Amino acid sequence: MHKGFLKAGHLPTLFASFLYFDLSFMVWVLLGPLGVAIAKALHLDPAHKGLMVATPVLAGAALRVVLGLLVDRYKAKRVGIGAQIVVIAGLISAWMIGIDSFAATLVLGCVLGLAGASFAVALPLASAWYGPEHQGTALGIAGAGNSGTVLAALFAPALAIAFGWQNVIGLAAIPLVVTLGIFIFAAKDSPNAPARKPLAAYFALLKEGDCWWFMFFYSVTFGGFVGLASSLTIYFNDVYGLSPVVAGYCTAAVVFVGSMVRPMGGAVADRVGGVRALVVLYAVAAGAFATISTGLSTIYLAMPVFLIGMLALGMGNGSVFQLVPQRFKREIGVMTGLVGMSGGVGGFYLASSLGYSKQLTGSYGPGFLVFAFLAALALVGISGVRRRWRTTWGELYGAARV
């Protein structure tokens, strides 16, 4: 990170965006690390386990669009405060009432989805403070808040053993309250934030082919990231017989890699261009998940491949969002919601398909193989639009690389 970047924007807001995103993501995927304990208590089969951990991801996908619209109309800080208060209230209510059925886990999953929608608040809040030449780095740092998934995988299984999984849901509200206080005092809306637009202008974006390309590209990178973050504790427990705590530690290691390299992906994209970076990263991801689909026999063989695959997905998240603000600078709030929604849909698909794959075939392999195919399809897509992007809208931004 060079001195020009440190002087370019508003560091307290960048930090607040990261922290808000981080703790919200911790809560968003909470059902995944608790999944082994919940499934045992409620007697859930593989398909129900997959749907349980996938529901917050799908709810988050839908709510990202809603928050994206609200951010463009009422500014990011105000929307972020309101959303966080609702999530805190939902966690406390669930803890007090209790979760005693599969249907109740789905209701809780919908509440947790609002925490996942924090993406549509944190990224526009940070993005508005930085110019095109710093978008990859700024959004990479703010977006590294997806490391909150590491906190959930690292601590939730052990806390569930110590205090009971129901109480972990209530305990999760405590760090959210602290984060809300910091966010209120540190975050500031940029004076350069895009002006409010009529509602019809948002739907006009769906007529743009590039909008759909970005949605697809992010559905693979972020969808893979959050789908694995939600599912791997259950997967490691089921396939390799790891205890919930050890499975959580392995999940945390994989997710940590994907989270920490997101800023690196943005910085690399700033230097070499987001398109060039994504060509390499999709190829690596496709190879990694095709390998995983073959059914690696031990955790010692599987972990390096998962780490490589997650590294590619994490860097890919940063690379996609190096490109989005260049193409849709004035519509960044809604684009963040739309692209973020597609990432959530991708995550829902991966998490639920792994559960159904296990239920129907007795193996997780087909689920991973289809995801590898999607990564290969994204590679073909980004290669196809490369020339057009660089010779059309890419030429408008001389300070940035496409």
# chains A, B, ... in the order shown; residues from 1 in each chain; ligands from 1
>>> closest_atom_pairs(of="segment 66-175 of chain A", to="segment 44-51 of chain A", cutoff="10 Å", atoms="only C-alpha atoms", output="JSON lines")
{"residue": "A:Ser101", "atom": "CA", "partner": "A:Leu44", "partner_atom": "CA", "distance": 9.7}
{"residue": "A:Phe102", "atom": "CA", "partner": "A:Leu44", "partner_atom": "CA", "distance": 7.8}
{"residue": "A:Thr105", "atom": "CA", "partner": "A:Leu51", "partner_atom": "CA", "distance": 9.9}
{"residue": "A:Leu106", "atom": "CA", "partner": "A:Leu51", "partner_atom": "CA", "distance": 8.4}
{"residue": "A:Gly109", "atom": "CA", "partner": "A:Leu51", "partner_atom": "CA", "distance": 10.0}
>>> write_last_selection(atoms="C-alpha atoms", output="tab-separated table (two decimals), in the first residue's frame")
chain	number	residue	atom	x	y	z
A	101	SER	CA	-37.17	-27.25	14.51
A	102	PHE	CA	-35.81	-27.23	10.98
A	105	THR	CA	-33.46	-22.65	11.50
A	106	LEU	CA	-34.74	-21.39	8.14
A	109	GLY	CA	-31.33	-18.03	8.34
>>> residues_around(residues="Ile169 of chain A", least_positions_apart="2", cutoff="12 Å", atoms="only C-alpha atoms", output="PyMOL selection string")
chain A and resi 26-31+33-34+38+87-99+105+108-109+111-112+152+156-157+159-160+163-167+171-176
>>> write_last_selection(atoms="N, CA and C atoms", output="CSV table (one decimal), in the first residue's frame")
chain,number,residue,atom,x,y,z
A,26,MET,N,-19.3,-12.8,9.9
A,26,MET,CA,-19.2,-13.8,11.0
A,26,MET,C,-20.6,-14.3,11.3
A,27,VAL,N,-21.5,-13.4,11.5
A,27,VAL,CA,-22.9,-13.8,11.8
A,27,VAL,C,-23.6,-14.5,10.6
A,28,TRP,N,-23.3,-14.0,9.4
A,28,TRP,CA,-24.0,-14.5,8.3
A,28,TRP,C,-23.9,-16.0,8.1
A,29,VAL,N,-22.6,-16.5,8.3
A,29,VAL,CA,-22.4,-18.0,8.0
A,29,VAL,C,-22.4,-18.8,9.3
A,30,LEU,N,-23.0,-18.2,10.4
A,30,LEU,CA,-22.9,-18.9,11.7
A,30,LEU,C,-23.5,-20.3,11.7
A,31,LEU,N,-24.6,-20.5,10.9
A,31,LEU,CA,-25.2,-21.8,10.9
A,31,LEU,C,-24.3,-22.9,10.3
A,33,PRO,N,-20.7,-23.4,10.8
A,33,PRO,CA,-19.9,-23.9,11.9
A,33,PRO,C,-20.7,-24.6,13.0
A,34,LEU,N,-22.0,-24.2,13.2
A,34,LEU,CA,-22.8,-24.8,14.2
A,34,LEU,C,-23.6,-26.0,13.6
A,38,ILE,N,-26.3,-28.6,15.3
A,38,ILE,CA,-27.7,-28.4,15.0
A,38,ILE,C,-28.3,-29.6,14.4
A,87,VAL,N,-30.4,-6.9,12.8
A,87,VAL,CA,-29.7,-8.2,12.9
A,87,VAL,C,-29.5,-8.5,14.4
A,88,ILE,N,-29.1,-7.5,15.2
A,88,ILE,CA,-28.9,-7.7,16.6
A,88,ILE,C,-30.2,-8.1,17.3
A,89,ALA,N,-31.2,-7.4,17.0
A,89,ALA,CA,-32.5,-7.7,17.6
A,89,ALA,C,-33.0,-9.1,17.2
A,90,GLY,N,-32.7,-9.6,16.0
A,90,GLY,CA,-33.0,-10.9,15.5
A,90,GLY,C,-32.3,-12.0,16.3
A,91,LEU,N,-31.0,-11.8,16.5
A,91,LEU,CA,-30.2,-12.7,17.2
A,91,LEU,C,-30.7,-12.9,18.6
A,92,ILE,N,-30.9,-11.8,19.3
A,92,ILE,CA,-31.4,-11.8,20.7
A,92,ILE,C,-32.7,-12.5,20.8
A,93,SER,N,-33.6,-12.2,19.8
A,93,SER,CA,-34.9,-12.8,19.8
A,93,SER,C,-34.8,-14.3,19.6
A,94,ALA,N,-34.0,-14.8,18.7
A,94,ALA,CA,-33.8,-16.2,18.4
A,94,ALA,C,-33.3,-16.9,19.7
A,95,TRP,N,-32.4,-16.3,20.3
A,95,TRP,CA,-31.8,-16.9,21.5
A,95,TRP,C,-32.8,-17.0,22.7
A,96,MET,N,-33.6,-16.0,22.8
A,96,MET,CA,-34.6,-16.0,23.9
A,96,MET,C,-35.8,-17.0,23.6
A,97,ILE,N,-36.2,-17.1,22.4
A,97,ILE,CA,-37.3,-17.9,22.0
A,97,ILE,C,-36.8,-19.4,21.9
A,98,GLY,N,-35.6,-19.6,21.3
A,98,GLY,CA,-35.1,-20.9,21.1
A,98,GLY,C,-35.4,-21.4,19.7
A,99,ILE,N,-34.4,-22.3,19.2
A,99,ILE,CA,-34.6,-22.9,17.9
A,99,ILE,C,-34.8,-24.4,18.1
A,105,THR,N,-34.8,-23.0,12.0
A,105,THR,CA,-33.5,-22.6,11.5
A,105,THR,C,-33.5,-21.8,10.2
A,108,LEU,N,-34.4,-18.2,11.1
A,108,LEU,CA,-33.2,-17.6,11.6
A,108,LEU,C,-32.3,-17.3,10.5
A,109,GLY,N,-32.2,-18.2,9.5
A,109,GLY,CA,-31.3,-18.0,8.3
A,109,GLY,C,-31.7,-16.8,7.5
A,111,VAL,N,-33.1,-14.1,8.8
A,111,VAL,CA,-32.6,-12.9,9.6
A,111,VAL,C,-31.1,-12.7,9.4
A,112,LEU,N,-30.3,-13.8,9.4
A,112,LEU,CA,-28.9,-13.8,9.2
A,112,LEU,C,-28.5,-13.3,7.8
A,152,ALA,N,-16.2,-17.2,12.6
A,152,ALA,CA,-17.3,-18.1,12.9
A,152,ALA,C,-16.8,-19.6,12.9
A,156,ALA,N,-17.0,-20.8,16.8
A,156,ALA,CA,-18.4,-21.2,17.0
A,156,ALA,C,-18.5,-22.7,17.5
A,157,PRO,N,-17.8,-23.6,16.8
A,157,PRO,CA,-17.9,-25.0,17.3
A,157,PRO,C,-17.4,-25.2,18.7
A,159,LEU,N,-17.3,-22.9,21.2
A,159,LEU,CA,-18.3,-22.3,22.0
A,159,LEU,C,-19.6,-23.1,22.2
A,160,ALA,N,-19.9,-23.8,21.1
A,160,ALA,CA,-21.1,-24.6,21.1
A,160,ALA,C,-21.0,-25.8,22.1
A,163,PHE,N,-20.9,-23.9,25.8
A,163,PHE,CA,-22.1,-23.2,26.3
A,163,PHE,C,-23.4,-23.7,25.6
A,164,GLY,N,-23.3,-24.6,24.6
A,164,GLY,CA,-24.5,-25.0,23.9
A,164,GLY,C,-24.7,-24.1,22.7
A,165,TRP,N,-25.1,-24.8,21.6
A,165,TRP,CA,-25.2,-24.0,20.3
A,165,TRP,C,-26.3,-22.9,20.3
A,166,GLN,N,-27.3,-23.1,21.1
A,166,GLN,CA,-28.4,-22.1,21.2
A,166,GLN,C,-27.8,-20.8,21.8
A,167,ASN,N,-27.0,-21.0,22.8
A,167,ASN,CA,-26.4,-19.8,23.4
A,167,ASN,C,-25.4,-19.0,22.6
A,171,LEU,N,-24.7,-15.0,22.0
A,171,LEU,CA,-23.4,-14.5,22.2
A,171,LEU,C,-22.9,-13.7,21.0
A,172,ALA,N,-23.4,-14.1,19.8
A,172,ALA,CA,-23.0,-13.4,18.6
A,172,ALA,C,-23.4,-12.0,18.5
A,173,ALA,N,-24.5,-11.6,19.3
A,173,ALA,CA,-24.9,-10.2,19.3
A,173,ALA,C,-24.0,-9.3,20.0
A,174,ILE,N,-23.1,-9.8,20.9
A,174,ILE,CA,-22.3,-8.9,21.7
A,174,ILE,C,-21.2,-8.2,20.8
A,175,PRO,N,-20.4,-8.9,19.9
A,175,PRO,CA,-19.5,-8.2,19.1
A,175,PRO,C,-20.2,-7.3,18.1
A,176,LEU,N,-21.4,-7.6,17.7
A,176,LEU,CA,-22.2,-6.7,16.7
A,176,LEU,C,-22.5,-5.4,17.4
>>> residues_around(residues="Ile234 of chain A", least_positions_apart="4", cutoff="8 Å", atoms="only C-alpha atoms", output="MDAnalysis selection string")
chainID A and resid 32:33 35:36 238 244 247
>>> write_last_selection(atoms="C-alpha atoms", output="PDB file, in the first residue's frame")
ATOM      1  CA  GLY A  32     -22.379 -23.542   8.982  1.00  0.00           C
ATOM      2  CA  PRO A  33     -19.908 -23.944  11.871  1.00  0.00           C
ATOM      3  CA  GLY A  35     -24.269 -27.154  11.562  1.00  0.00           C
ATOM      4  CA  VAL A  36     -22.914 -30.400  13.007  1.00  0.00           C
ATOM      5  CA  ASP A 238     -18.741 -36.114   7.251  1.00  0.00           C
ATOM      6  CA  PRO A 244     -16.708 -30.414  14.858  1.00  0.00           C
ATOM      7  CA  ALA A 247     -13.402 -29.441  11.191  1.00  0.00           C
TER       8      ALA A 247
END
>>> closest_residue(among="A:Gly241, A:Gly381, A:Pro56, A:Ser127", to="Ala351 of chain A", atoms="only C-alpha atoms")
A:Pro56
>>> residues_around(residues="Ser17 of chain A", least_positions_apart="4", cutoff="10 Å", atoms="only C-alpha atoms", output="MDAnalysis selection string")
chainID A and resid 11:13 21:22 76:77 80 118:119 121:127 139 141:145 183 186:188
>>> write_last_selection(atoms="N, CA and C atoms", output="PDB file, in the first residue's frame")
ATOM      1  N   LEU A  11      -9.447   7.054   5.746  1.00  0.00           N
ATOM      2  CA  LEU A  11      -9.071   5.801   6.387  1.00  0.00           C
ATOM      3  C   LEU A  11     -10.029   5.357   7.498  1.00  0.00           C
ATOM      4  N   PRO A  12     -10.546   6.284   8.340  1.00  0.00           N
ATOM      5  CA  PRO A  12     -11.511   5.827   9.354  1.00  0.00           C
ATOM      6  C   PRO A  12     -12.740   5.148   8.740  1.00  0.00           C
ATOM      7  N   THR A  13     -13.223   5.674   7.620  1.00  0.00           N
ATOM      8  CA  THR A  13     -14.367   5.052   6.950  1.00  0.00           C
ATOM      9  C   THR A  13     -13.981   3.710   6.365  1.00  0.00           C
ATOM     10  N   PHE A  21     -18.306  -5.026   7.853  1.00  0.00           N
ATOM     11  CA  PHE A  21     -18.396  -6.165   6.950  1.00  0.00           C
ATOM     12  C   PHE A  21     -17.933  -7.446   7.650  1.00  0.00           C
ATOM     13  N   ASP A  22     -16.841  -7.353   8.398  1.00  0.00           N
ATOM     14  CA  ASP A  22     -16.206  -8.507   9.033  1.00  0.00           C
ATOM     15  C   ASP A  22     -17.146  -9.184  10.039  1.00  0.00           C
ATOM     16  N   ALA A  76     -25.081   5.311   2.638  1.00  0.00           N
ATOM     17  CA  ALA A  76     -24.648   4.022   3.171  1.00  0.00           C
ATOM     18  C   ALA A  76     -24.642   3.970   4.695  1.00  0.00           C
ATOM     19  N   LYS A  77     -24.177   5.023   5.352  1.00  0.00           N
ATOM     20  CA  LYS A  77     -24.041   4.961   6.805  1.00  0.00           C
ATOM     21  C   LYS A  77     -25.391   4.766   7.489  1.00  0.00           C
ATOM     22  N   GLY A  80     -26.636   1.246   6.915  1.00  0.00           N
ATOM     23  CA  GLY A  80     -25.836   0.289   7.666  1.00  0.00           C
ATOM     24  C   GLY A  80     -26.229   0.223   9.133  1.00  0.00           C
ATOM     25  N   SER A 118     -24.762  -6.836   4.245  1.00  0.00           N
ATOM     26  CA  SER A 118     -23.874  -5.732   4.612  1.00  0.00           C
ATOM     27  C   SER A 118     -22.888  -5.397   3.509  1.00  0.00           C
ATOM     28  N   PHE A 119     -22.633  -6.344   2.632  1.00  0.00           N
ATOM     29  CA  PHE A 119     -21.791  -6.131   1.451  1.00  0.00           C
ATOM     30  C   PHE A 119     -22.239  -4.895   0.674  1.00  0.00           C
ATOM     31  N   VAL A 121     -23.593  -2.309   1.724  1.00  0.00           N
ATOM     32  CA  VAL A 121     -23.355  -1.082   2.491  1.00  0.00           C
ATOM     33  C   VAL A 121     -21.869  -0.759   2.540  1.00  0.00           C
ATOM     34  N   ALA A 122     -21.075  -1.743   2.935  1.00  0.00           N
ATOM     35  CA  ALA A 122     -19.658  -1.505   3.191  1.00  0.00           C
ATOM     36  C   ALA A 122     -18.886  -1.101   1.936  1.00  0.00           C
ATOM     37  N   LEU A 123     -19.146  -1.774   0.811  1.00  0.00           N
ATOM     38  CA  LEU A 123     -18.352  -1.490  -0.378  1.00  0.00           C
ATOM     39  C   LEU A 123     -18.659  -0.130  -1.004  1.00  0.00           C
ATOM     40  N   PRO A 124     -19.931   0.263  -1.180  1.00  0.00           N
ATOM     41  CA  PRO A 124     -20.173   1.621  -1.694  1.00  0.00           C
ATOM     42  C   PRO A 124     -19.677   2.710  -0.742  1.00  0.00           C
ATOM     43  N   LEU A 125     -19.773   2.469   0.573  1.00  0.00           N
ATOM     44  CA  LEU A 125     -19.307   3.446   1.560  1.00  0.00           C
ATOM     45  C   LEU A 125     -17.818   3.709   1.372  1.00  0.00           C
ATOM     46  N   ALA A 126     -17.037   2.654   1.185  1.00  0.00           N
ATOM     47  CA  ALA A 126     -15.599   2.803   0.983  1.00  0.00           C
ATOM     48  C   ALA A 126     -15.278   3.299  -0.424  1.00  0.00           C
ATOM     49  N   SER A 127     -15.956   2.759  -1.426  1.00  0.00           N
ATOM     50  CA  SER A 127     -15.647   3.069  -2.821  1.00  0.00           C
ATOM     51  C   SER A 127     -15.771   4.556  -3.138  1.00  0.00           C
ATOM     52  N   LEU A 139     -11.450  -1.418  -2.296  1.00  0.00           N
ATOM     53  CA  LEU A 139     -12.520  -2.394  -2.169  1.00  0.00           C
ATOM     54  C   LEU A 139     -11.976  -3.751  -1.750  1.00  0.00           C
ATOM     55  N   ILE A 141      -9.586  -4.047   0.526  1.00  0.00           N
ATOM     56  CA  ILE A 141      -9.462  -3.921   1.979  1.00  0.00           C
ATOM     57  C   ILE A 141     -10.837  -3.996   2.642  1.00  0.00           C
ATOM     58  N   ALA A 142     -11.783  -3.222   2.144  1.00  0.00           N
ATOM     59  CA  ALA A 142     -13.135  -3.272   2.719  1.00  0.00           C
ATOM     60  C   ALA A 142     -13.722  -4.665   2.561  1.00  0.00           C
ATOM     61  N   GLY A 143     -13.515  -5.261   1.379  1.00  0.00           N
ATOM     62  CA  GLY A 143     -14.070  -6.576   1.107  1.00  0.00           C
ATOM     63  C   GLY A 143     -13.399  -7.692   1.873  1.00  0.00           C
ATOM     64  N   ALA A 144     -12.199  -7.434   2.416  1.00  0.00           N
ATOM     65  CA  ALA A 144     -11.526  -8.447   3.237  1.00  0.00           C
ATOM     66  C   ALA A 144     -12.299  -8.708   4.519  1.00  0.00           C
ATOM     67  N   GLY A 145     -13.335  -7.913   4.758  1.00  0.00           N
ATOM     68  CA  GLY A 145     -14.232  -8.185   5.873  1.00  0.00           C
ATOM     69  C   GLY A 145     -14.900  -9.545   5.769  1.00  0.00           C
ATOM     70  N   PHE A 183     -18.827   1.869  14.206  1.00  0.00           N
ATOM     71  CA  PHE A 183     -19.299   2.287  12.893  1.00  0.00           C
ATOM     72  C   PHE A 183     -19.972   3.659  12.962  1.00  0.00           C
ATOM     73  N   ALA A 186     -17.009   6.264  13.499  1.00  0.00           N
ATOM     74  CA  ALA A 186     -15.874   6.325  12.569  1.00  0.00           C
ATOM     75  C   ALA A 186     -16.282   6.518  11.109  1.00  0.00           C
ATOM     76  N   ALA A 187     -17.407   5.951  10.703  1.00  0.00           N
ATOM     77  CA  ALA A 187     -17.796   5.987   9.296  1.00  0.00           C
ATOM     78  C   ALA A 187     -18.348   7.358   8.906  1.00  0.00           C
ATOM     79  N   LYS A 188     -18.108   7.733   7.670  1.00  0.00           N
ATOM     80  CA  LYS A 188     -18.587   9.003   7.156  1.00  0.00           C
ATOM     81  C   LYS A 188     -18.919   8.841   5.677  1.00  0.00           C
TER      82      LYS A 188
END
>>> residues_around(residues="Val257 of chain A", least_positions_apart="2", cutoff="12 Å", atoms="only C-alpha atoms", output="count of residues only")
32
>>> residues_around(residues="Ser293 of chain A", least_positions_apart="6", cutoff="8 Å", atoms="only C-alpha atoms", output="ChimeraX atom specification")
/A:364-369
>>> atom_distance(atom1="atom CA of Ala153 of chain A", atom2="atom CA of Ala37 of chain A")
13.0 Å
>>> atom_distance(atom1="atom CA of Leu296 of chain A", atom2="atom CA of Asn237 of chain A")
14.5 Å
>>> atom_distance(atom1="atom CA of Ile184 of chain A", atom2="atom CA of Ala83 of chain A")
12.5 Å
>>> decode(residues="segment 249-270 of chain A", atoms="C-alpha atoms", output="compact mmCIF listing (two decimals), in the first residue's frame")
# COMPACT_ATOMS: atom_id res chain seq x y z
CA TYR A 249 -10.28 -25.17 12.42
CA CYS A 250 -9.69 -26.65 8.96
CA THR A 251 -12.55 -24.57 7.56
CA ALA A 252 -11.11 -21.46 9.21
CA ALA A 253 -7.73 -22.08 7.57
CA VAL A 254 -9.28 -22.40 4.12
CA VAL A 255 -11.54 -19.37 4.56
CA PHE A 256 -8.70 -17.30 6.05
CA VAL A 257 -6.71 -17.73 2.85
CA GLY A 258 -9.66 -16.68 0.69
CA SER A 259 -10.35 -13.64 2.86
CA MET A 260 -6.82 -12.34 3.27
CA VAL A 261 -5.92 -12.49 -0.42
CA ARG A 262 -8.95 -10.43 -1.49
CA PRO A 263 -7.01 -7.14 -1.06
CA MET A 264 -4.11 -8.77 -2.89
CA GLY A 265 -6.44 -9.64 -5.75
CA GLY A 266 -7.60 -6.02 -5.94
CA ALA A 267 -4.04 -4.69 -5.80
CA VAL A 268 -2.84 -7.14 -8.48
CA ALA A 269 -5.80 -6.14 -10.65
CA ASP A 270 -4.88 -2.46 -10.19
